[in-house]
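> Here it is, the structure in full.
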Amino acid sequence: MEKIKDVSGVVLAGGISSRYGKNKALVEFHGIPLIERVLGVMRPIFRHVIIITNTPDKYSYLKLPMYQDIIKGLGPLGGIFTGLQVIPNSGFFVACDMPFLNQGLIRHMVEIKADFDLVVPRISGYMEALHSLYGRGCERKIESLINSGIYQVFRFFNEVSVRYVDEDEVRMFDPDLRSFLNINSPEALNDFDNLF
């Protein structure tokens with residue numbers, strides 16, 4: 001299948017996880033670091049893939065463009081803001097700790113973007129902001145949030161045009177909703193062991 005050129009793949013790998021206690025991007029799941037599992041899905045989809053990280057030395061072996069947060073300490077919102085500043089187009093943003101990403105779902109989300117500023121899965125009312133496609137129209141809204149001292153990603157969603165991907169639509173590609181499982185603790189790593 002042809003790689004997507006007009007949307008970039010962006011992996012958010014901030015650094016030390018407060019809940020995990022160390023850099024979870026490099027935690028191995030079935031012998032492969034989590035970030036490599038994520039990239040194993042993203043690289044075949046997108047021609048242009050980058051990593052947003054404040055510890056670029058840890059990922060130099062991956063041979064991908066890396067960028068540090070323009071404004072540090074904002075969490076995922078800062079990573080999304082940075083990503084939108086450095087890519088030439090829209091970006092599909094994912095967290096580095098999601099070992100069950102689904103290529104079909106990601107491609108579908110890119111295909112339905114049309115003129116929407118944002119394409120985001122919505123499962124039981126919860127928006128999966130770190131498995132979403134952000135367009136250029138989000139940039140100014142994110143900057144405005146940052147200037148207001150508000151760092152929750154979803155806070156600007158009602159100010160842009162959004163295409164929600166609801167549960168039934170997601171399940172057509174990912175019946176068990178595994179795409180959104182992320183590993184926040186050693187316990188979660190063990191819990192997900194039987195899903196592999």
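Going by the structure tokens order, chains are called A, B, ..., each with residues numbered from 1, while ligands are numbered from 1 in the order shown.
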Determine which residues of chain A receive a DSSP assignment of strand (DSSP E), computed from the backbone, and state them as a ChimeraX atom specification.

/A:7-12,28-29,32-33,49-52,66-67,90-95,118-123,126-127,131-134,162-166

> Could you name the residues that touch A:Gly83 at 10 Å or less, counting only C-alpha atoms, but leaving out those on the same chain fewer than 5 positions away, as an NGL selection string?

:A and (8-12 or 50-52 or 66-70 or 77-78 or 88-93 or 134 or 139)

> Please, what distance in Å, to one decimal, runs between atom CA of A:Asp168 and atom CA of A:Ser132?

16.7 Å

> Tell me which protein, DNA and RNA residues are within 9 Å of stretch 148-164 of chain A, counting only C-alpha atoms, leaving out same-chain ones fewer than 6 positions away, and put them as a list in words.

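Close residues of stretch 148-164 of chain A: Leu74, Gly75, Pro76, Leu77, Gly78, Ile80, Ile112, Lys113, Asp115, Phe116, Asp117, Leu118, Val119, Val120, Pro121, Arg122, Met127, Ala129, Leu130, Gly137, Cys138, Lys141 and Ile142 of chain A.
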